[in-house]
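For reference, the structure discussed in these notes is given below.
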Amino acid sequence: MDEPLVMIAGGGIGGLALGLTLHQIGVKFVVFEAVQDLRPLGVGISVQPNAVRELFDLGLTEADLNTVGIPTKEWALVGLNGNDIYSEPRGRFAGYNWPQYSAHRGKLQMLLYHKLIDRAGAGAVRLGQRVSGYLTHPDGTVTAQIRHADGSESQETGTLLIGADGLHSAVRAQMHPDQPPIQWGGAIMWRGTSLGVPIRTGSSFVGLGTHRHRLVMYPISPADPKTGLATINWIAEVTVDNSQGWTSGDWNKKAQISDFIHHFEGWQHDWLDVPALLSRASDVYEYPMIDRDPVPTWQDGPVALLGDAAHVMYPTGSNGASQAIVDGRVLGARLLAYGITPEALSAYNDTLCAPLSQLVLRNRGAGPFGLLNMVEERCGGVFDHIDEVLGPQERAAFMAGYKSAAGLAIEALNAAESIIPAGMRVAA
Ligand SMILES: Cc1cc2nc3c(=O)[nH]c(=O)nc-3n(C[C@H](O)[C@H](O)[C@H](O)COP(=O)(O)OP(=O)(O)OC[C@H]3O[C@@H](n4cnc5c(N)ncnc54)[C@H](O)[C@@H]3O)c2cc1C
């Protein structure tokens, strides 16, 4: 090897943001992506201000992000009978220096992919190449074993290997062969998009119902000026008995509206007709709300984990994609400080593994939706005025605690130095 090479397993949002970071700081890299034909899969995703900040630092613009989503104005929880529990502004509307985005997951992935190959060349992302495992060598290098879409196999040797290969990470499975199976708490999510009139601010993230039975919805496109209709992303969620366990975790399992619409019968308000919204969806996907128990380390010598491979979490905090982006930036900063070395991976692991493992468990405990648990415990989810059930100070303190744990405290984020200052390059 004439020049250090960082190999990335997985071209999801995490792997691609890391690729863009490595290109920015002058580190040679290659991304192996299992899928042969990258398509804009998935539905809505939130990109928090801390991650938007990093995308801006990578040279993406608001105009770029406006092609994949819209700035989020509000985050709100509403009780079963339609009364407000909590609401707060989001992104720039809340005083962050950066917007929050409600985006289409697949369109964001394609945006990052095209930015990366425009900057680094088409060869930077090798499609149809699945990393099946790795070998570490006494000279400190690491070999990635690669299975190609046509069934053939090959190997690539580099300086470091980063497993950004998602929920079913092969890199993590080899690093932690005794890891427990996927953890499922009993919640099933049906996810889809429908055309609808955006409610409240026109760009509000709304959680409606109780913590065991709710609808989460937010628009991911601007409203058409002619029709007033926007693409509304929604997640219909019901918690069931989990004692039989769950066997799959496939982001693309199709479902029928008739499978679940009965759970939302009667969810009609003068400002929102839930059954009508759900019925208008074209494609619906069913997905269990799952995560993995944290592992004690994300590092094995020259190999490290990033994004969902490191810390797949319940989407309650809406920060899976955002944290995957931030992981890549922190890793880039440690490579700048320590060179393309396992020491850089240790420093990255020391910074993120413990706090993110805590966040995984916090999101399992409902994340910011914990307010719904509190309301349900106190009054069964039905109330006249929220102050009689949960006072404003208690609500504000709960949310402040979550935001601080998730790296989203407004003043702290605005005051924080850039993770990677502009113009930094790894020393030759
Ligand atoms: C198809 C798909 C649809 C999704 N839809 C949604 C959604 O609608 N809403 C939401 O909140 N989240 C969704 N997610 C999850 C969300 O994208 C992640 O939680 C978040 O973006 C963190 O991304 P990541 O890059 O760490 O992992 P992922 O987004 O899971 O990306 C991992 C990438 O690695 C590839 N890969 C997997 N194994 C290997 C391997 N062994 N070698 C090489 N490549 C490998 C995968 O094809 C994928 O492109 C989806 C994920 C996927 C893969």
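Each chain in the structure tokens gets a letter, A, B, ..., in the order shown, and its residues are numbered from 1; ligands are numbered from 1 in order too.
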
*Selection as an MDAnalysis selection string: residues within 6 Å of ligand 1 by only C-alpha atoms and all ligand atoms*: chainID A and resid 9:15 32:35 41:45 105 130:132 164:167 169:170 251 307:309 320:321 324

Got time to write the residues from that selection, N, CA, C and O atoms, as a CSV table (one decimal), in the first residue's frame?
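For reference, out_38.csv as written:
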```
chain,number,residue,atom,x,y,z
A,9,ALA,N,-17.5,-0.2,4.9
A,9,ALA,CA,-18.5,-1.2,4.5
A,9,ALA,C,-19.9,-0.6,4.7
A,9,ALA,O,-20.3,-0.2,5.8
A,10,GLY,N,-20.6,-0.3,3.6
A,10,GLY,CA,-21.9,0.3,3.7
A,10,GLY,C,-22.0,1.7,3.1
A,10,GLY,O,-21.3,2.6,3.6
A,11,GLY,N,-22.9,1.9,2.2
A,11,GLY,CA,-23.1,3.2,1.6
A,11,GLY,C,-24.4,3.7,1.9
A,11,GLY,O,-25.2,4.2,1.1
A,12,GLY,N,-24.8,3.6,3.2
A,12,GLY,CA,-26.0,4.3,3.7
A,12,GLY,C,-25.6,5.8,4.0
A,12,GLY,O,-24.6,6.3,3.6
A,13,ILE,N,-26.5,6.4,4.8
A,13,ILE,CA,-26.3,7.8,5.1
A,13,ILE,C,-25.0,7.9,5.9
A,13,ILE,O,-24.2,8.8,5.7
A,14,GLY,N,-24.7,7.0,6.8
A,14,GLY,CA,-23.5,7.0,7.6
A,14,GLY,C,-22.2,6.8,6.8
A,14,GLY,O,-21.3,7.6,6.9
A,15,GLY,N,-22.2,5.8,6.0
A,15,GLY,CA,-21.0,5.5,5.2
A,15,GLY,C,-20.7,6.6,4.2
A,15,GLY,O,-19.5,6.9,4.0
A,32,PHE,N,-17.7,0.1,0.1
A,32,PHE,CA,-18.3,-1.1,-0.5
A,32,PHE,C,-19.8,-1.1,-0.1
A,32,PHE,O,-20.1,-1.1,1.1
A,33,GLU,N,-20.7,-1.1,-1.1
A,33,GLU,CA,-22.1,-1.1,-0.8
A,33,GLU,C,-22.7,-2.4,-1.4
A,33,GLU,O,-22.6,-2.7,-2.6
A,34,ALA,N,-23.4,-3.1,-0.5
A,34,ALA,CA,-24.0,-4.4,-0.9
A,34,ALA,C,-25.0,-4.3,-2.1
A,34,ALA,O,-25.0,-5.2,-2.9
A,35,VAL,N,-25.8,-3.3,-2.1
A,35,VAL,CA,-26.8,-3.2,-3.1
A,35,VAL,C,-26.2,-2.8,-4.4
A,35,VAL,O,-25.3,-1.9,-4.5
A,41,LEU,N,-34.7,4.4,-1.3
A,41,LEU,CA,-35.7,3.6,-0.5
A,41,LEU,C,-35.9,4.3,0.9
A,41,LEU,O,-35.1,5.1,1.4
A,42,GLY,N,-37.0,3.9,1.5
A,42,GLY,CA,-37.4,4.4,2.8
A,42,GLY,C,-38.4,5.5,2.7
A,42,GLY,O,-38.9,5.9,1.6
A,43,VAL,N,-38.8,6.0,3.8
A,43,VAL,CA,-39.8,7.1,3.9
A,43,VAL,C,-39.1,8.3,4.6
A,43,VAL,O,-38.0,8.6,4.3
A,44,GLY,N,-39.8,8.8,5.6
A,44,GLY,CA,-39.3,10.0,6.2
A,44,GLY,C,-38.2,9.8,7.2
A,44,GLY,O,-38.2,8.8,7.9
A,45,ILE,N,-37.4,10.8,7.4
A,45,ILE,CA,-36.4,10.8,8.4
A,45,ILE,C,-36.1,12.2,8.9
A,45,ILE,O,-36.3,13.2,8.1
A,105,ARG,N,-35.7,9.8,3.4
A,105,ARG,CA,-34.5,9.0,3.7
A,105,ARG,C,-33.7,8.6,2.4
A,105,ARG,O,-32.5,8.8,2.3
A,130,ARG,N,-20.6,-6.7,-1.1
A,130,ARG,CA,-20.9,-6.9,0.4
A,130,ARG,C,-19.7,-7.3,1.2
A,130,ARG,O,-19.1,-8.3,0.8
A,131,VAL,N,-19.4,-6.6,2.2
A,131,VAL,CA,-18.3,-7.0,3.1
A,131,VAL,C,-18.8,-8.2,4.0
A,131,VAL,O,-19.8,-8.0,4.7
A,132,SER,N,-18.2,-9.3,3.9
A,132,SER,CA,-18.7,-10.5,4.6
A,132,SER,C,-17.9,-10.7,5.9
A,132,SER,O,-18.3,-11.5,6.8
A,164,ALA,N,-20.0,0.4,8.5
A,164,ALA,CA,-21.1,1.3,8.4
A,164,ALA,C,-22.3,0.5,7.8
A,164,ALA,O,-23.0,1.1,6.9
A,165,ASP,N,-22.4,-0.7,8.1
A,165,ASP,CA,-23.2,-1.7,7.4
A,165,ASP,C,-24.5,-1.9,8.1
A,165,ASP,O,-25.1,-3.0,7.9
A,166,GLY,N,-25.0,-1.0,8.9
A,166,GLY,CA,-26.4,-1.0,9.4
A,166,GLY,C,-26.8,-2.0,10.4
A,166,GLY,O,-25.9,-2.7,11.0
A,167,LEU,N,-28.1,-2.2,10.6
A,167,LEU,CA,-28.7,-3.0,11.6
A,167,LEU,C,-28.1,-4.5,11.6
A,167,LEU,O,-27.8,-5.0,12.6
A,169,SER,N,-25.2,-5.6,10.6
A,169,SER,CA,-23.8,-5.4,10.3
A,169,SER,C,-23.0,-6.7,10.4
A,169,SER,O,-23.0,-7.4,11.5
A,170,ALA,N,-22.3,-7.1,9.3
A,170,ALA,CA,-21.5,-8.2,9.3
A,170,ALA,C,-20.2,-7.9,10.1
A,170,ALA,O,-19.6,-8.8,10.7
A,251,TRP,N,-36.4,-3.4,6.3
A,251,TRP,CA,-36.9,-2.1,6.1
A,251,TRP,C,-37.9,-2.0,4.9
A,251,TRP,O,-38.6,-1.1,4.7
A,307,GLY,N,-22.5,4.5,12.9
A,307,GLY,CA,-23.9,4.6,12.5
A,307,GLY,C,-24.7,3.4,13.1
A,307,GLY,O,-24.4,3.0,14.2
A,308,ASP,N,-25.7,2.9,12.4
A,308,ASP,CA,-26.6,1.9,13.0
A,308,ASP,C,-25.8,0.6,13.4
A,308,ASP,O,-26.2,-0.1,14.3
A,309,ALA,N,-24.7,0.4,12.7
A,309,ALA,CA,-23.9,-0.8,13.0
A,309,ALA,C,-23.4,-0.7,14.4
A,309,ALA,O,-23.2,-1.7,15.2
A,320,GLY,N,-31.3,8.7,14.5
A,320,GLY,CA,-30.4,7.6,14.0
A,320,GLY,C,-29.6,8.1,12.8
A,320,GLY,O,-28.4,7.9,12.8
A,321,ALA,N,-30.2,8.8,11.9
A,321,ALA,CA,-29.5,9.3,10.7
A,321,ALA,C,-28.5,10.4,11.1
A,321,ALA,O,-27.4,10.5,10.7
A,324,ALA,N,-25.5,9.1,12.8
A,324,ALA,CA,-24.6,8.4,11.8
A,324,ALA,C,-23.7,9.5,11.1
A,324,ALA,O,-22.5,9.3,10.9
```

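The set of residues in stretch 228-412 of chain A assigned to strand (DSSP E or B) by DSSP, using only backbone atoms of this structure, is Ala230, Thr231, Ile232, Asn233, Trp234, Ile235, Ala236, Glu237, Val238, Thr239, Lys254, Ala255, Gln268, Asp273, Val284, Tyr285, Glu286, Tyr287, Pro288, Met289, Ile290, Asp291, Gln299, Asp300, Val303, Ala304 and Leu305 of chain A.
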
*Closest of A:Thr231, A:Thr297, A:Gln358, A:Thr201 to A:Ser87 - atom-to-atom distances counting only C-alpha atoms*: A:Thr201

_List the spatial neighbours of A:Asn50 as a list in words - criterion: any atom at most 8 Å away, only C-alpha atoms, same-chain residues fewer than 6 positions off excluded._
Trp98, Ser322, Val326, Gly407, Leu408 and Leu413 of chain A

Can you list every residue of stretch 136-208 of chain A that has an atom at most 10 Å from stretch 359-369 of chain A, with its nearest atom pair and the distance in Å to one decimal, using only C-alpha atoms, ordered by chain then number, as a Markdown table?
```
| residue | atom | partner | partner_atom | distance |
| --- | --- | --- | --- | --- |
| A:Gln183 | CA | A:Arg364 | CA | 9.7 |
| A:Trp184 | CA | A:Arg364 | CA | 9.5 |
| A:Gly185 | CA | A:Arg364 | CA | 8.2 |
| A:Gly207 | CA | A:Phe369 | CA | 8.0 |
```

Kindly provide the residues of stretch 83-149 of chain A that approach stretch 327-351 of chain A to within 12 Å, each paired with its closest atom pair and their distance in Å to one decimal, based on only C-alpha atoms, listed by chain and increasing number, as a Markdown table.
```
| residue | atom | partner | partner_atom | distance |
| --- | --- | --- | --- | --- |
| A:Thr136 | CA | A:Pro342 | CA | 11.7 |
| A:Gly140 | CA | A:Pro342 | CA | 8.5 |
| A:Thr141 | CA | A:Thr341 | CA | 9.7 |
| A:Val142 | CA | A:Pro342 | CA | 10.9 |
```

Based on the selection just made, write C-alpha atoms of those residues as a PDB file, in the first residue's frame.
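Writing done, so here's selection_15.pdb:
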```
ATOM      1  CA  THR A 136      -6.380  -8.370  10.728  1.00  0.00           C
ATOM      2  CA  GLY A 140      -1.435  -3.671  11.397  1.00  0.00           C
ATOM      3  CA  THR A 141      -3.347  -3.763   8.107  1.00  0.00           C
ATOM      4  CA  VAL A 142      -6.805  -5.233   7.624  1.00  0.00           C
TER       5      VAL A 142
END
```

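By chain and then residue number, the residues within 9 Å of A:Val78 are A:Asn83, A:Asp84, A:Ile85, A:Tyr86, A:Ser87, A:Val206, A:Gly207, A:Leu208, A:Gly209, A:Thr210, A:Leu372, counting only C-alpha atoms and disregarding those fewer than 5 positions away in sequence.
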
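Summary of the local environment: counting only C-alpha atoms, residues at most 6 Å from stretch 285-295 of chain A, other than itself and those fewer than 5 positions away along its chain, are Ile182, Gln183, Trp184, Ala187, Ile188, Met189, Trp190, Arg191, Lys253, Lys254, Ala255, Val312, Met313, Tyr314 and Ser357 of chain A.
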
*Counting only C-alpha atoms, figure out which residue out of A:Ala103, A:Ala281, A:Leu80, A:Ala406 gets nearest to A:Gly266.*
A:Leu80

*Pick out each residue of stretch 11-203 of chain A that DSSP on the backbone tags as helix (DSSP H, G or I); I need them as a VMD selection string.*
chain A and resid 13 to 25 49 to 57 62 to 66 91 to 94 105 to 120 122 to 124 170 to 175

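Residues lying within 10 Å of A:Gly91, counting only C-alpha atoms and ignoring same-chain neighbours fewer than 6 positions away, are A:Val47, A:Gln48, A:Pro49, A:Asn50, A:Val52, A:Pro71, A:Thr72, A:Lys73, A:Glu74, A:Trp75, A:Asn97, A:Trp98, A:Pro99, A:Gln100, A:Tyr101, A:Ile410.
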
Take the residues that were just selected and, keeping N, CA, C and O atoms, output them as a PDB file, in the first residue's frame.
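Writing the result to again-v9.pdb gives the following:
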```
ATOM      1  N   VAL A  47     -33.524  15.099  10.175  1.00  0.00           N
ATOM      2  CA  VAL A  47     -32.098  15.436  10.237  1.00  0.00           C
ATOM      3  C   VAL A  47     -31.991  16.612  11.204  1.00  0.00           C
ATOM      4  O   VAL A  47     -32.473  17.710  10.929  1.00  0.00           O
ATOM      5  N   GLN A  48     -31.396  16.334  12.352  1.00  0.00           N
ATOM      6  CA  GLN A  48     -31.352  17.299  13.447  1.00  0.00           C
ATOM      7  C   GLN A  48     -30.326  18.399  13.162  1.00  0.00           C
ATOM      8  O   GLN A  48     -29.410  18.200  12.356  1.00  0.00           O
ATOM      9  N   PRO A  49     -30.445  19.548  13.852  1.00  0.00           N
ATOM     10  CA  PRO A  49     -29.533  20.670  13.555  1.00  0.00           C
ATOM     11  C   PRO A  49     -28.047  20.303  13.688  1.00  0.00           C
ATOM     12  O   PRO A  49     -27.220  20.814  12.933  1.00  0.00           O
ATOM     13  N   ASN A  50     -27.716  19.421  14.641  1.00  0.00           N
ATOM     14  CA  ASN A  50     -26.292  19.072  14.780  1.00  0.00           C
ATOM     15  C   ASN A  50     -25.773  18.375  13.529  1.00  0.00           C
ATOM     16  O   ASN A  50     -24.617  18.562  13.123  1.00  0.00           O
ATOM     17  N   VAL A  52     -27.270  18.720  10.402  1.00  0.00           N
ATOM     18  CA  VAL A  52     -27.337  19.689   9.290  1.00  0.00           C
ATOM     19  C   VAL A  52     -26.079  20.558   9.315  1.00  0.00           C
ATOM     20  O   VAL A  52     -25.479  20.857   8.281  1.00  0.00           O
ATOM     21  N   PRO A  71     -37.504  22.343   5.943  1.00  0.00           N
ATOM     22  CA  PRO A  71     -37.116  22.693   7.316  1.00  0.00           C
ATOM     23  C   PRO A  71     -38.282  22.425   8.283  1.00  0.00           C
ATOM     24  O   PRO A  71     -39.428  22.786   7.997  1.00  0.00           O
ATOM     25  N   THR A  72     -37.979  21.769   9.394  1.00  0.00           N
ATOM     26  CA  THR A  72     -39.000  21.452  10.405  1.00  0.00           C
ATOM     27  C   THR A  72     -39.215  22.683  11.277  1.00  0.00           C
ATOM     28  O   THR A  72     -38.249  23.281  11.755  1.00  0.00           O
ATOM     29  N   LYS A  73     -40.487  23.030  11.510  1.00  0.00           N
ATOM     30  CA  LYS A  73     -40.747  24.230  12.319  1.00  0.00           C
ATOM     31  C   LYS A  73     -41.106  23.894  13.765  1.00  0.00           C
ATOM     32  O   LYS A  73     -40.897  24.696  14.656  1.00  0.00           O
ATOM     33  N   GLU A  74     -41.715  22.720  13.985  1.00  0.00           N
ATOM     34  CA  GLU A  74     -42.271  22.452  15.315  1.00  0.00           C
ATOM     35  C   GLU A  74     -42.214  20.961  15.629  1.00  0.00           C
ATOM     36  O   GLU A  74     -42.278  20.116  14.718  1.00  0.00           O
ATOM     37  N   TRP A  75     -42.124  20.641  16.935  1.00  0.00           N
ATOM     38  CA  TRP A  75     -42.237  19.257  17.422  1.00  0.00           C
ATOM     39  C   TRP A  75     -43.341  19.286  18.464  1.00  0.00           C
ATOM     40  O   TRP A  75     -43.294  20.109  19.387  1.00  0.00           O
ATOM     41  N   ASN A  97     -28.483  27.633  15.245  1.00  0.00           N
ATOM     42  CA  ASN A  97     -27.887  28.314  14.096  1.00  0.00           C
ATOM     43  C   ASN A  97     -28.113  27.557  12.793  1.00  0.00           C
ATOM     44  O   ASN A  97     -27.711  28.029  11.733  1.00  0.00           O
ATOM     45  N   TRP A  98     -28.688  26.358  12.887  1.00  0.00           N
ATOM     46  CA  TRP A  98     -28.890  25.520  11.706  1.00  0.00           C
ATOM     47  C   TRP A  98     -30.318  24.996  11.701  1.00  0.00           C
ATOM     48  O   TRP A  98     -30.898  24.759  12.765  1.00  0.00           O
ATOM     49  N   PRO A  99     -30.879  24.770  10.509  1.00  0.00           N
ATOM     50  CA  PRO A  99     -32.235  24.225  10.472  1.00  0.00           C
ATOM     51  C   PRO A  99     -32.263  22.741  10.848  1.00  0.00           C
ATOM     52  O   PRO A  99     -31.229  22.072  10.838  1.00  0.00           O
ATOM     53  N   GLN A 100     -33.449  22.275  11.183  1.00  0.00           N
ATOM     54  CA  GLN A 100     -33.705  20.840  11.259  1.00  0.00           C
ATOM     55  C   GLN A 100     -34.476  20.491   9.985  1.00  0.00           C
ATOM     56  O   GLN A 100     -35.254  21.315   9.498  1.00  0.00           O
ATOM     57  N   TYR A 101     -34.264  19.317   9.434  1.00  0.00           N
ATOM     58  CA  TYR A 101     -34.987  18.936   8.224  1.00  0.00           C
ATOM     59  C   TYR A 101     -35.857  17.710   8.444  1.00  0.00           C
ATOM     60  O   TYR A 101     -35.468  16.781   9.159  1.00  0.00           O
ATOM     61  N   ILE A 410     -29.508  23.666  22.758  1.00  0.00           N
ATOM     62  CA  ILE A 410     -29.358  24.754  21.769  1.00  0.00           C
ATOM     63  C   ILE A 410     -28.089  25.581  22.015  1.00  0.00           C
ATOM     64  O   ILE A 410     -27.242  25.727  21.121  1.00  0.00           O
TER      65      ILE A 410
END
```

*Hey, what's within 12 Å of A:Ala397 if we count only C-alpha atoms and toss same-chain stuff fewer than 6 positions away? As JSON, numbers by chain, please?*
{"A": [86, 368, 371, 390, 391, 403, 404]}

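Between A:Glu237 and the residues A:Pro225, A:Gly192, A:Gly370, A:Pro198, the shortest atom-to-atom distance, using only C-alpha atoms, involves A:Gly192.
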
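Going from atom CA of A:Gly202 to atom CA of A:Tyr218 covers 8.8 Å.
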
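Coordinates place atom CA of A:Met7 at a distance of 7.8 Å from atom CA of A:Thr159.
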